[in-house]
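Here is the file protein_16.pdb (PDB, C-alpha atoms and all ligand atoms).
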ATOM      1  CA  MET A 219     -27.483  -1.283 -74.328  1.00  0.00           C
ATOM      2  CA  GLY A 220     -24.312  -2.250 -76.149  1.00  0.00           C
ATOM      3  CA  ARG A 221     -21.245  -0.264 -75.327  1.00  0.00           C
ATOM      4  CA  PRO A 222     -20.324   2.229 -78.039  1.00  0.00           C
ATOM      5  CA  ARG A 223     -16.958   1.328 -79.541  1.00  0.00           C
ATOM      6  CA  THR A 224     -15.856   4.613 -81.074  1.00  0.00           C
ATOM      7  CA  PRO A 225     -15.318   8.155 -79.803  1.00  0.00           C
ATOM      8  CA  ARG A 226     -18.213   9.246 -82.004  1.00  0.00           C
ATOM      9  CA  GLY A 227     -20.537   6.656 -80.491  1.00  0.00           C
ATOM     10  CA  ARG A 228     -19.410   7.465 -76.963  1.00  0.00           C
ATOM     11  CA  ALA A 229     -19.891  11.183 -77.619  1.00  0.00           C
ATOM     12  CA  ARG A 230     -23.432  10.561 -78.851  1.00  0.00           C
ATOM     13  CA  VAL A 231     -24.435   8.580 -75.761  1.00  0.00           C
ATOM     14  CA  THR A 232     -22.686  11.055 -73.476  1.00  0.00           C
ATOM     15  CA  ARG A 233     -24.581  13.915 -75.099  1.00  0.00           C
ATOM     16  CA  GLU A 234     -27.890  12.114 -74.664  1.00  0.00           C
ATOM     17  CA  ARG A 235     -27.304  11.125 -71.039  1.00  0.00           C
ATOM     18  CA  LEU A 236     -25.986  14.500 -69.937  1.00  0.00           C
ATOM     19  CA  ALA A 237     -28.853  16.285 -71.693  1.00  0.00           C
ATOM     20  CA  GLU A 238     -31.238  14.263 -69.511  1.00  0.00           C
ATOM     21  CA  ALA A 239     -29.246  15.003 -66.375  1.00  0.00           C
ATOM     22  CA  PHE A 240     -28.786  18.705 -67.122  1.00  0.00           C
ATOM     23  CA  PRO A 241     -31.675  19.942 -69.270  1.00  0.00           C
ATOM     24  CA  GLY A 242     -31.796  23.460 -70.656  1.00  0.00           C
ATOM     25  CA  GLY A 243     -29.785  25.579 -73.033  1.00  0.00           C
ATOM     26  CA  ALA A 244     -26.336  27.116 -72.621  1.00  0.00           C
ATOM     27  CA  ASP A 245     -27.814  30.400 -71.421  1.00  0.00           C
ATOM     28  CA  GLN A 246     -29.764  28.583 -68.695  1.00  0.00           C
ATOM     29  CA  LEU A 247     -26.923  26.304 -67.583  1.00  0.00           C
ATOM     30  CA  CYS A 248     -24.303  29.044 -67.389  1.00  0.00           C
ATOM     31  CA  ALA A 249     -24.107  30.013 -63.711  1.00  0.00           C
ATOM     32  CA  LEU A 250     -22.489  33.419 -64.255  1.00  0.00           C
ATOM     33  CA  ARG A 251     -25.130  36.119 -63.882  1.00  0.00           C
ATOM     34  CA  HIS A 252     -25.179  38.593 -66.745  1.00  0.00           C
ATOM     35  CA  ASP A 253     -27.529  40.705 -68.852  1.00  0.00           C
ATOM     36  CA  SER A 254     -25.326  41.321 -71.890  1.00  0.00           C
ATOM     37  CA  PRO A 255     -22.321  39.930 -73.773  1.00  0.00           C
ATOM     38  CA  PHE A 256     -20.168  42.608 -72.109  1.00  0.00           C
ATOM     39  CA  GLN A 257     -21.272  41.526 -68.643  1.00  0.00           C
ATOM     40  CA  LEU A 258     -20.728  37.850 -69.471  1.00  0.00           C
ATOM     41  CA  LEU A 259     -17.256  38.580 -70.808  1.00  0.00           C
ATOM     42  CA  THR A 260     -16.454  40.519 -67.637  1.00  0.00           C
ATOM     43  CA  ALA A 261     -17.761  37.733 -65.386  1.00  0.00           C
ATOM     44  CA  THR A 262     -15.915  35.047 -67.352  1.00  0.00           C
ATOM     45  CA  ILE A 263     -12.597  36.880 -66.995  1.00  0.00           C
ATOM     46  CA  LEU A 264     -13.257  37.107 -63.244  1.00  0.00           C
ATOM     47  CA  SER A 265     -14.086  33.394 -63.021  1.00  0.00           C
ATOM     48  CA  ALA A 266     -10.480  32.303 -63.623  1.00  0.00           C
ATOM     49  CA  GLN A 267      -9.314  30.478 -60.463  1.00  0.00           C
ATOM     50  CA  CYS A 268     -12.561  31.486 -58.752  1.00  0.00           C
ATOM     51  CA  THR A 269     -15.997  29.973 -58.208  1.00  0.00           C
ATOM     52  CA  ASP A 270     -19.010  31.208 -60.127  1.00  0.00           C
ATOM     53  CA  VAL A 271     -20.752  31.832 -56.804  1.00  0.00           C
ATOM     54  CA  ARG A 272     -18.043  34.243 -55.705  1.00  0.00           C
ATOM     55  CA  VAL A 273     -18.016  35.995 -59.079  1.00  0.00           C
ATOM     56  CA  ASN A 274     -21.778  36.483 -58.805  1.00  0.00           C
ATOM     57  CA  LEU A 275     -21.248  38.163 -55.437  1.00  0.00           C
ATOM     58  CA  VAL A 276     -18.987  40.874 -56.840  1.00  0.00           C
ATOM     59  CA  THR A 277     -20.459  41.536 -60.282  1.00  0.00           C
ATOM     60  CA  PRO A 278     -23.620  43.441 -59.222  1.00  0.00           C
ATOM     61  CA  ALA A 279     -21.542  46.281 -57.736  1.00  0.00           C
ATOM     62  CA  LEU A 280     -19.036  46.113 -60.593  1.00  0.00           C
ATOM     63  CA  PHE A 281     -21.749  46.291 -63.253  1.00  0.00           C
ATOM     64  CA  ALA A 282     -23.468  49.142 -61.400  1.00  0.00           C
ATOM     65  CA  ALA A 283     -20.220  51.122 -61.243  1.00  0.00           C
ATOM     66  CA  TYR A 284     -19.238  50.364 -64.848  1.00  0.00           C
ATOM     67  CA  PRO A 285     -22.337  49.660 -66.917  1.00  0.00           C
ATOM     68  CA  ASP A 286     -20.649  49.609 -70.326  1.00  0.00           C
ATOM     69  CA  PRO A 287     -17.228  49.222 -71.956  1.00  0.00           C
ATOM     70  CA  ALA A 288     -16.665  52.996 -72.135  1.00  0.00           C
ATOM     71  CA  ALA A 289     -17.146  53.348 -68.380  1.00  0.00           C
ATOM     72  CA  LEU A 290     -14.869  50.412 -67.547  1.00  0.00           C
ATOM     73  CA  ALA A 291     -12.234  51.578 -70.049  1.00  0.00           C
ATOM     74  CA  GLY A 292     -11.955  54.853 -68.125  1.00  0.00           C
ATOM     75  CA  ALA A 293     -11.992  53.259 -64.679  1.00  0.00           C
ATOM     76  CA  ASP A 294      -9.480  53.904 -61.920  1.00  0.00           C
ATOM     77  CA  PRO A 295      -7.655  50.549 -61.610  1.00  0.00           C
ATOM     78  CA  ARG A 296      -7.571  50.794 -57.809  1.00  0.00           C
ATOM     79  CA  ARG A 297     -11.342  51.133 -57.627  1.00  0.00           C
ATOM     80  CA  VAL A 298     -11.766  48.090 -59.886  1.00  0.00           C
ATOM     81  CA  GLU A 299      -9.276  46.137 -57.779  1.00  0.00           C
ATOM     82  CA  GLU A 300     -11.284  46.963 -54.666  1.00  0.00           C
ATOM     83  CA  LEU A 301     -14.508  45.757 -56.217  1.00  0.00           C
ATOM     84  CA  ILE A 302     -13.078  42.446 -57.443  1.00  0.00           C
ATOM     85  CA  ARG A 303     -10.565  41.753 -54.668  1.00  0.00           C
ATOM     86  CA  THR A 304     -12.275  38.622 -53.346  1.00  0.00           C
ATOM     87  CA  THR A 305     -12.089  36.841 -56.724  1.00  0.00           C
ATOM     88  CA  GLY A 306      -8.310  36.450 -56.396  1.00  0.00           C
ATOM     89  CA  PHE A 307      -5.516  37.644 -58.694  1.00  0.00           C
ATOM     90  CA  PHE A 308      -7.341  40.952 -58.514  1.00  0.00           C
ATOM     91  CA  ARG A 309      -4.536  43.143 -59.846  1.00  0.00           C
ATOM     92  CA  SER A 310      -4.059  41.200 -63.056  1.00  0.00           C
ATOM     93  CA  LYS A 311      -7.809  40.726 -63.434  1.00  0.00           C
ATOM     94  CA  ALA A 312      -8.368  44.486 -63.064  1.00  0.00           C
ATOM     95  CA  ARG A 313      -5.742  45.075 -65.754  1.00  0.00           C
ATOM     96  CA  SER A 314      -7.431  42.528 -68.011  1.00  0.00           C
ATOM     97  CA  LEU A 315     -10.886  44.004 -67.450  1.00  0.00           C
ATOM     98  CA  ILE A 316      -9.816  47.556 -68.222  1.00  0.00           C
ATOM     99  CA  GLY A 317      -7.764  46.357 -71.206  1.00  0.00           C
ATOM    100  CA  MET A 318     -10.726  44.304 -72.436  1.00  0.00           C
ATOM    101  CA  ALA A 319     -13.105  47.241 -72.137  1.00  0.00           C
ATOM    102  CA  THR A 320     -10.642  49.554 -73.883  1.00  0.00           C
ATOM    103  CA  ALA A 321     -10.260  47.117 -76.781  1.00  0.00           C
ATOM    104  CA  VAL A 322     -14.029  46.580 -77.082  1.00  0.00           C
ATOM    105  CA  GLU A 323     -14.629  50.332 -77.042  1.00  0.00           C
ATOM    106  CA  ASP A 324     -11.774  51.384 -79.319  1.00  0.00           C
ATOM    107  CA  ARG A 325     -11.596  48.525 -81.806  1.00  0.00           C
ATOM    108  CA  PHE A 326     -15.113  47.089 -81.857  1.00  0.00           C
ATOM    109  CA  GLY A 327     -17.306  50.169 -81.417  1.00  0.00           C
ATOM    110  CA  GLY A 328     -18.371  49.220 -77.899  1.00  0.00           C
ATOM    111  CA  GLU A 329     -19.837  45.852 -78.982  1.00  0.00           C
ATOM    112  CA  VAL A 330     -18.269  42.583 -77.875  1.00  0.00           C
ATOM    113  CA  PRO A 331     -17.359  40.837 -81.142  1.00  0.00           C
ATOM    114  CA  ARG A 332     -18.848  37.487 -82.127  1.00  0.00           C
ATOM    115  CA  GLU A 333     -15.988  35.927 -84.063  1.00  0.00           C
ATOM    116  CA  LEU A 334     -13.448  33.890 -82.121  1.00  0.00           C
ATOM    117  CA  ALA A 335     -10.634  35.348 -84.224  1.00  0.00           C
ATOM    118  CA  ASP A 336     -11.639  38.829 -82.966  1.00  0.00           C
ATOM    119  CA  LEU A 337     -12.393  37.786 -79.396  1.00  0.00           C
ATOM    120  CA  ILE A 338      -8.945  36.287 -78.815  1.00  0.00           C
ATOM    121  CA  THR A 339      -7.275  39.595 -79.741  1.00  0.00           C
ATOM    122  CA  ILE A 340      -8.838  41.161 -76.626  1.00  0.00           C
ATOM    123  CA  PRO A 341      -6.730  41.342 -73.421  1.00  0.00           C
ATOM    124  CA  GLY A 342      -7.607  38.586 -70.963  1.00  0.00           C
ATOM    125  CA  VAL A 343      -9.552  36.593 -73.568  1.00  0.00           C
ATOM    126  CA  GLY A 344      -8.371  33.194 -74.780  1.00  0.00           C
ATOM    127  CA  ARG A 345     -10.225  30.526 -76.716  1.00  0.00           C
ATOM    128  CA  LYS A 346     -12.027  29.244 -73.632  1.00  0.00           C
ATOM    129  CA  THR A 347     -13.437  32.635 -72.677  1.00  0.00           C
ATOM    130  CA  GLY A 348     -14.150  33.499 -76.321  1.00  0.00           C
ATOM    131  CA  ASN A 349     -16.105  30.288 -76.761  1.00  0.00           C
ATOM    132  CA  VAL A 350     -18.107  30.973 -73.588  1.00  0.00           C
ATOM    133  CA  VAL A 351     -19.169  34.346 -74.982  1.00  0.00           C
ATOM    134  CA  ARG A 352     -19.959  32.926 -78.414  1.00  0.00           C
ATOM    135  CA  SER A 353     -22.039  30.028 -77.150  1.00  0.00           C
ATOM    136  CA  VAL A 354     -23.779  31.550 -74.115  1.00  0.00           C
ATOM    137  CA  ALA A 355     -24.241  35.198 -75.063  1.00  0.00           C
ATOM    138  CA  TYR A 356     -24.668  34.828 -78.814  1.00  0.00           C
ATOM    139  CA  GLY A 357     -25.937  31.262 -79.263  1.00  0.00           C
ATOM    140  CA  LEU A 358     -23.129  30.532 -81.730  1.00  0.00           C
ATOM    141  CA  PRO A 359     -21.002  27.388 -81.998  1.00  0.00           C
ATOM    142  CA  GLY A 360     -18.211  27.395 -79.419  1.00  0.00           C
ATOM    143  CA  LEU A 361     -16.905  24.639 -77.159  1.00  0.00           C
ATOM    144  CA  PRO A 362     -15.000  25.961 -74.139  1.00  0.00           C
ATOM    145  CA  VAL A 363     -12.381  23.481 -72.938  1.00  0.00           C
ATOM    146  CA  ASP A 364     -11.520  23.834 -69.264  1.00  0.00           C
ATOM    147  CA  THR A 365      -9.949  21.421 -66.820  1.00  0.00           C
ATOM    148  CA  HIS A 366     -13.213  19.474 -66.370  1.00  0.00           C
ATOM    149  CA  VAL A 367     -13.776  19.121 -70.121  1.00  0.00           C
ATOM    150  CA  LEU A 368     -10.182  17.928 -70.572  1.00  0.00           C
ATOM    151  CA  ARG A 369     -10.455  15.366 -67.779  1.00  0.00           C
ATOM    152  CA  LEU A 370     -13.856  13.990 -68.772  1.00  0.00           C
ATOM    153  CA  SER A 371     -13.008  13.838 -72.456  1.00  0.00           C
ATOM    154  CA  GLY A 372     -10.132  11.542 -71.572  1.00  0.00           C
ATOM    155  CA  ARG A 373     -12.033   9.417 -69.067  1.00  0.00           C
ATOM    156  CA  LEU A 374     -14.989   8.987 -71.383  1.00  0.00           C
ATOM    157  CA  GLY A 375     -12.831   7.946 -74.315  1.00  0.00           C
ATOM    158  CA  LEU A 376     -13.926  10.858 -76.500  1.00  0.00           C
ATOM    159  CA  ILE A 377     -10.405  11.752 -77.551  1.00  0.00           C
ATOM    160  CA  ASP A 378      -8.899   8.309 -78.008  1.00  0.00           C
ATOM    161  CA  ASP A 379      -8.069   9.225 -81.602  1.00  0.00           C
ATOM    162  CA  LEU A 380      -5.649  11.915 -80.427  1.00  0.00           C
ATOM    163  CA  ALA A 381      -2.042  11.056 -79.692  1.00  0.00           C
ATOM    164  CA  PRO A 382      -1.551  10.768 -75.906  1.00  0.00           C
ATOM    165  CA  ALA A 383       0.513  13.957 -75.747  1.00  0.00           C
ATOM    166  CA  ALA A 384      -2.269  15.896 -77.495  1.00  0.00           C
ATOM    167  CA  ARG A 385      -4.928  14.862 -74.984  1.00  0.00           C
ATOM    168  CA  ALA A 386      -3.762  17.529 -72.535  1.00  0.00           C
ATOM    169  CA  ASP A 387      -3.773  20.258 -75.186  1.00  0.00           C
ATOM    170  CA  PRO A 388      -7.007  22.299 -74.903  1.00  0.00           C
ATOM    171  CA  VAL A 389      -6.899  23.475 -78.520  1.00  0.00           C
ATOM    172  CA  LYS A 390      -6.416  19.983 -79.920  1.00  0.00           C
ATOM    173  CA  VAL A 391      -9.139  18.640 -77.625  1.00  0.00           C
ATOM    174  CA  GLU A 392     -11.479  21.440 -78.698  1.00  0.00           C
ATOM    175  CA  HIS A 393     -10.989  20.534 -82.352  1.00  0.00           C
ATOM    176  CA  ALA A 394     -11.412  16.828 -81.648  1.00  0.00           C
ATOM    177  CA  LEU A 395     -14.659  17.438 -79.757  1.00  0.00           C
ATOM    178  CA  ASN A 396     -15.916  19.819 -82.442  1.00  0.00           C
ATOM    179  CA  ALA A 397     -15.730  16.903 -84.871  1.00  0.00           C
ATOM    180  CA  LEU A 398     -18.001  14.859 -82.572  1.00  0.00           C
ATOM    181  CA  VAL A 399     -20.577  17.444 -81.481  1.00  0.00           C
ATOM    182  CA  PRO A 400     -22.996  19.242 -83.826  1.00  0.00           C
ATOM    183  CA  PRO A 401     -22.314  23.008 -83.918  1.00  0.00           C
ATOM    184  CA  PRO A 402     -25.509  24.092 -82.099  1.00  0.00           C
ATOM    185  CA  GLU A 403     -24.749  21.700 -79.198  1.00  0.00           C
ATOM    186  CA  ARG A 404     -21.099  22.556 -78.595  1.00  0.00           C
ATOM    187  CA  GLY A 405     -21.502  25.186 -75.894  1.00  0.00           C
ATOM    188  CA  VAL A 406     -24.151  23.320 -73.962  1.00  0.00           C
ATOM    189  CA  PHE A 407     -22.165  20.074 -74.209  1.00  0.00           C
ATOM    190  CA  SER A 408     -19.174  21.782 -72.607  1.00  0.00           C
ATOM    191  CA  LEU A 409     -21.350  23.188 -69.810  1.00  0.00           C
ATOM    192  CA  ARG A 410     -22.874  19.769 -69.146  1.00  0.00           C
ATOM    193  CA  LEU A 411     -19.449  18.135 -68.967  1.00  0.00           C
ATOM    194  CA  ILE A 412     -18.393  20.817 -66.487  1.00  0.00           C
ATOM    195  CA  LEU A 413     -21.495  20.278 -64.337  1.00  0.00           C
ATOM    196  CA  HIS A 414     -20.961  16.512 -64.381  1.00  0.00           C
ATOM    197  CA  GLY A 415     -17.277  16.999 -63.581  1.00  0.00           C
ATOM    198  CA  ARG A 416     -18.084  19.150 -60.573  1.00  0.00           C
ATOM    199  CA  ALA A 417     -20.931  17.046 -59.235  1.00  0.00           C
ATOM    200  CA  THR A 418     -19.849  13.465 -59.933  1.00  0.00           C
ATOM    201  CA  CYS A 419     -16.746  12.896 -62.041  1.00  0.00           C
ATOM    202  CA  THR A 420     -14.420  14.936 -59.864  1.00  0.00           C
ATOM    203  CA  ALA A 421     -10.671  14.942 -60.358  1.00  0.00           C
ATOM    204  CA  ARG A 422      -9.754  13.144 -57.149  1.00  0.00           C
ATOM    205  CA  ALA A 423     -12.730  10.963 -56.307  1.00  0.00           C
ATOM    206  CA  PRO A 424     -15.090  10.241 -59.199  1.00  0.00           C
ATOM    207  CA  ALA A 425     -18.374   8.886 -57.834  1.00  0.00           C
ATOM    208  CA  CYS A 426     -18.731   6.082 -60.381  1.00  0.00           C
ATOM    209  CA  GLY A 427     -21.259   4.273 -58.190  1.00  0.00           C
ATOM    210  CA  ARG A 428     -23.857   6.971 -58.738  1.00  0.00           C
ATOM    211  CA  CYS A 429     -22.804   8.107 -62.217  1.00  0.00           C
ATOM    212  CA  GLY A 430     -25.343   8.022 -65.025  1.00  0.00           C
ATOM    213  CA  LEU A 431     -22.590   7.224 -67.527  1.00  0.00           C
ATOM    214  CA  ALA A 432     -21.054   4.257 -65.720  1.00  0.00           C
ATOM    215  CA  ASP A 433     -23.148   1.500 -67.265  1.00  0.00           C
ATOM    216  CA  PHE A 434     -21.969   1.897 -70.801  1.00  0.00           C
ATOM    217  CA  PHE A 435     -18.363   2.835 -70.127  1.00  0.00           C
ATOM    218  CA  PRO A 436     -17.411   0.561 -67.257  1.00  0.00           C
ATOM    219  CA  SER A 437     -13.863  -0.014 -68.380  1.00  0.00           C
ATOM    220  CA  ALA A 438     -13.181   2.985 -70.592  1.00  0.00           C
ATOM    221  CA  HIS A 439     -12.489   4.956 -67.439  1.00  0.00           C
ATOM    222  CA  GLN A 440      -9.770   2.918 -65.850  1.00  0.00           C
TER     223      GLN A 440
HETATM  224  S1  LIG B 501     -18.251   6.321 -64.457  1.00  0.00           S
HETATM  225 FE1  LIG B 501     -16.824   7.361 -63.061  1.00  0.00          FE
HETATM  226  S2  LIG B 501     -15.033   8.008 -64.288  1.00  0.00           S
HETATM  227 FE2  LIG B 501     -16.763   7.524 -65.699  1.00  0.00          FE
HETATM  228  S3  LIG B 501     -17.817   9.524 -66.071  1.00  0.00           S
HETATM  229 FE3  LIG B 501     -18.838   8.502 -64.348  1.00  0.00          FE
HETATM  230  S4  LIG B 501     -17.846   9.291 -62.495  1.00  0.00           S
HETATM  231 FE4  LIG B 501     -16.505   9.734 -64.249  1.00  0.00          FE
END

Do you think you could lay out the structure here as structure tokens?
Ligand code: SF4
Amino acid sequence: MGRPRTPRGRARVTRERLAEAFPGGADQLCALRHDSPFQLLTATILSAQCTDVRVNLVTPALFAAYPDPAALAGADPRRVEELIRTTGFFRSKARSLIGMATAVEDRFGGEVPRELADLITIPGVGRKTGNVVRSVAYGLPGLPVDTHVLRLSGRLGLIDDLAPAARADPVKVEHALNALVPPPERGVFSLRLILHGRATCTARAPACGRCGLADFFPSAHQ
């Protein structure tokens, strides 16, 4: 096939190839175990600087101890710290979790909000976490930009239209990608980039020799 010459063309081929490599919807591809938006929000806050596998080890006991925002809002911080200790940064994460639950309970009637503008007012919740909740828990448009999405967007030439200084800015990259990805696909596209970034296009040693995207971008990555 001919090599796509524009970010839009490259985004289209990337979407197609990664959809073949990682089939399924956002709810299936998200590795954080959860049964509700509240549980997903909790797990996503815990996943900062921590693997999904480790988060999944601690959340069953956490969810059993605090099954809803009201319970977590009234939690003893030391007990929460104990339960989440192995995820790292456990003191600040415990503060965020209790603050999040308090905000959800007091300001949103115990329901995790759906709008990004509301989500980012909650302690511990930025655009990335808010977009995870929107896309995975609610099936709404939302494109989380993490370190993998930033790196791959640059390597794949998806953000060539941004000024070089803007290519490291997650908000600017999110908006640039939103212009290239149809709303229903945004969350799952982010998850697929993350999976590809972990498995193949790693930060230090991208495995271009076995990459399903290498044939049509051979020089866009240098
Ligand atoms: S060809 Fe290499 S740099 Fe490009 S997406 Fe694949 S692994 Fe990453």

Next on the checklist: As an exercise, work out the distance from atom CA of Gly375 of chain A to atom CA of Leu409 of chain A in Å and give it to one decimal place.
Outcome noted: 18.0 Å

Next on the checklist: Taking 4 positions as the minimum chain separation for residues in the same chain, which residues sit within 8 Å of segment 270-279 of chain A when counting all atoms listed in the file? Answer as a PyMOL selection string.
Outcome noted: chain A and resi 249-251+261+264-265+283+301-302+304-305

Checklist entry - Which residue gives the smallest distance to ligand LIG 501 (chain B) among A:Ala384, A:Leu236, A:Ala266, A:Val391, with all atoms listed in the file counted? => result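 Smallest distance to ligand LIG 501 (chain B) is found for A:Leu236.
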
Item to check | Test item: residues no farther than 12 Å from ligand LIG 501 (chain B), counting only C-alpha atoms and all ligand atoms, as JSON, numbers by chain | outcome: {"A": [228, 229, 231, 232, 235, 236, 366, 367, 369, 370, 371, 372, 373, 374, 375, 376, 410, 411, 412, 413, 414, 415, 416, 417, 418, 419, 420, 421, 422, 423, 424, 425, 426, 427, 428, 429, 430, 431, 432, 433, 434, 435, 436, 437, 438, 439, 440]}

Item to check | Surrounding residues of Phe307 of chain A excluding itself and chain neighbours under 6 positions, 12 Å, all atoms listed in the file, as a list in words | outcome: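 In the requested form, the answer reads Ile263, Leu264, Ser265, Ala266, Gln267, Cys268, Glu299, Glu300, Arg313 and Ser314 of chain A.
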
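One finds atom CA of Val298 of chain A at 10.8 Å from atom CA of Ser310 of chain A.
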
Checklist entry - Closest to Val351 of chain A among A:Asp286, A:Asp245, A:Glu234, A:Asp378, using all atoms listed in the file? => result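 Closest candidate: A:Asp245.
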
Checklist entry - Can you tell me, as a PyMOL selection string, what residues are no more than 12 Å from Val406 of chain A when counting all atoms listed in the file, ignoring any on the same chain fewer than 5 positions away? => result chain A and resi 233-234+236-237+240-248+349-350+352-355+357-363+367+399-401+411-413

Checklist entry - What is the distance, in Å and to one decimal place, between atom CA of Met318 of chain A and atom CA of Gly342 of chain A? => result 6.7 Å

Checklist entry - If we count only C-alpha atoms, what is near Leu315 of chain A at a cut-off of 12 Å, once residues fewer than 5 positions away on the same chain are taken out, given as JSON, numbers by chain? => result {"A": [256, 257, 258, 259, 260, 261, 262, 263, 264, 265, 280, 281, 284, 286, 287, 288, 289, 290, 291, 292, 293, 294, 295, 298, 299, 301, 302, 308, 309, 310, 320, 321, 322, 340, 341, 342, 343]}

With C-alpha atoms retained, export the selected residues as a PDB file, in the coordinates of the input.
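Result file is part_27.pdb:
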ATOM      1  CA  PHE A 256     -20.168  42.608 -72.109  1.00  0.00           C
ATOM      2  CA  GLN A 257     -21.272  41.526 -68.643  1.00  0.00           C
ATOM      3  CA  LEU A 258     -20.728  37.850 -69.471  1.00  0.00           C
ATOM      4  CA  LEU A 259     -17.256  38.580 -70.808  1.00  0.00           C
ATOM      5  CA  THR A 260     -16.454  40.519 -67.637  1.00  0.00           C
ATOM      6  CA  ALA A 261     -17.761  37.733 -65.386  1.00  0.00           C
ATOM      7  CA  THR A 262     -15.915  35.047 -67.352  1.00  0.00           C
ATOM      8  CA  ILE A 263     -12.597  36.880 -66.995  1.00  0.00           C
ATOM      9  CA  LEU A 264     -13.257  37.107 -63.244  1.00  0.00           C
ATOM     10  CA  SER A 265     -14.086  33.394 -63.021  1.00  0.00           C
ATOM     11  CA  LEU A 280     -19.036  46.113 -60.593  1.00  0.00           C
ATOM     12  CA  PHE A 281     -21.749  46.291 -63.253  1.00  0.00           C
ATOM     13  CA  TYR A 284     -19.238  50.364 -64.848  1.00  0.00           C
ATOM     14  CA  ASP A 286     -20.649  49.609 -70.326  1.00  0.00           C
ATOM     15  CA  PRO A 287     -17.228  49.222 -71.956  1.00  0.00           C
ATOM     16  CA  ALA A 288     -16.665  52.996 -72.135  1.00  0.00           C
ATOM     17  CA  ALA A 289     -17.146  53.348 -68.380  1.00  0.00           C
ATOM     18  CA  LEU A 290     -14.869  50.412 -67.547  1.00  0.00           C
ATOM     19  CA  ALA A 291     -12.234  51.578 -70.049  1.00  0.00           C
ATOM     20  CA  GLY A 292     -11.955  54.853 -68.125  1.00  0.00           C
ATOM     21  CA  ALA A 293     -11.992  53.259 -64.679  1.00  0.00           C
ATOM     22  CA  ASP A 294      -9.480  53.904 -61.920  1.00  0.00           C
ATOM     23  CA  PRO A 295      -7.655  50.549 -61.610  1.00  0.00           C
ATOM     24  CA  VAL A 298     -11.766  48.090 -59.886  1.00  0.00           C
ATOM     25  CA  GLU A 299      -9.276  46.137 -57.779  1.00  0.00           C
ATOM     26  CA  LEU A 301     -14.508  45.757 -56.217  1.00  0.00           C
ATOM     27  CA  ILE A 302     -13.078  42.446 -57.443  1.00  0.00           C
ATOM     28  CA  PHE A 308      -7.341  40.952 -58.514  1.00  0.00           C
ATOM     29  CA  ARG A 309      -4.536  43.143 -59.846  1.00  0.00           C
ATOM     30  CA  SER A 310      -4.059  41.200 -63.056  1.00  0.00           C
ATOM     31  CA  THR A 320     -10.642  49.554 -73.883  1.00  0.00           C
ATOM     32  CA  ALA A 321     -10.260  47.117 -76.781  1.00  0.00           C
ATOM     33  CA  VAL A 322     -14.029  46.580 -77.082  1.00  0.00           C
ATOM     34  CA  ILE A 340      -8.838  41.161 -76.626  1.00  0.00           C
ATOM     35  CA  PRO A 341      -6.730  41.342 -73.421  1.00  0.00           C
ATOM     36  CA  GLY A 342      -7.607  38.586 -70.963  1.00  0.00           C
ATOM     37  CA  VAL A 343      -9.552  36.593 -73.568  1.00  0.00           C
TER      38      VAL A 343
END

Checklist entry - Once you count only C-alpha atoms, which residues end up no further than 12 Å from (-2.9, 14.5, -77.4) in the file's frame, shown as a PyMOL selection string? => result chain A and resi 368+371-372+376-394

Reconstructed N, CA and C atoms for segment 345-355 of chain A, given as a PDB file, in the coordinates of the input:
ATOM      1  N   ARG A 345      -9.189  31.292 -76.002  1.00  0.00           N
ATOM      2  CA  ARG A 345     -10.225  30.526 -76.716  1.00  0.00           C
ATOM      3  C   ARG A 345     -11.355  30.086 -75.783  1.00  0.00           C
ATOM      4  N   LYS A 346     -10.990  29.717 -74.553  1.00  0.00           N
ATOM      5  CA  LYS A 346     -12.027  29.244 -73.632  1.00  0.00           C
ATOM      6  C   LYS A 346     -13.045  30.353 -73.352  1.00  0.00           C
ATOM      7  N   THR A 347     -12.537  31.511 -72.967  1.00  0.00           N
ATOM      8  CA  THR A 347     -13.437  32.635 -72.677  1.00  0.00           C
ATOM      9  C   THR A 347     -14.191  33.068 -73.933  1.00  0.00           C
ATOM     10  N   GLY A 348     -13.491  33.113 -75.067  1.00  0.00           N
ATOM     11  CA  GLY A 348     -14.150  33.499 -76.321  1.00  0.00           C
ATOM     12  C   GLY A 348     -15.284  32.551 -76.667  1.00  0.00           C
ATOM     13  N   ASN A 349     -15.056  31.266 -76.457  1.00  0.00           N
ATOM     14  CA  ASN A 349     -16.105  30.288 -76.761  1.00  0.00           C
ATOM     15  C   ASN A 349     -17.269  30.359 -75.773  1.00  0.00           C
ATOM     16  N   VAL A 350     -16.999  30.748 -74.536  1.00  0.00           N
ATOM     17  CA  VAL A 350     -18.107  30.973 -73.588  1.00  0.00           C
ATOM     18  C   VAL A 350     -19.000  32.096 -74.114  1.00  0.00           C
ATOM     19  N   VAL A 351     -18.385  33.202 -74.496  1.00  0.00           N
ATOM     20  CA  VAL A 351     -19.169  34.346 -74.982  1.00  0.00           C
ATOM     21  C   VAL A 351     -19.943  33.976 -76.236  1.00  0.00           C
ATOM     22  N   ARG A 352     -19.270  33.308 -77.169  1.00  0.00           N
ATOM     23  CA  ARG A 352     -19.959  32.926 -78.414  1.00  0.00           C
ATOM     24  C   ARG A 352     -21.172  32.036 -78.132  1.00  0.00           C
ATOM     25  N   SER A 353     -20.958  31.011 -77.314  1.00  0.00           N
ATOM     26  CA  SER A 353     -22.039  30.028 -77.150  1.00  0.00           C
ATOM     27  C   SER A 353     -23.131  30.506 -76.203  1.00  0.00           C
ATOM     28  N   VAL A 354     -22.759  31.175 -75.117  1.00  0.00           N
ATOM     29  CA  VAL A 354     -23.779  31.550 -74.115  1.00  0.00           C
ATOM     30  C   VAL A 354     -24.451  32.878 -74.474  1.00  0.00           C
ATOM     31  N   ALA A 355     -23.658  33.867 -74.822  1.00  0.00           N
ATOM     32  CA  ALA A 355     -24.241  35.198 -75.063  1.00  0.00           C
ATOM     33  C   ALA A 355     -24.838  35.317 -76.458  1.00  0.00           C
TER      34      ALA A 355
END
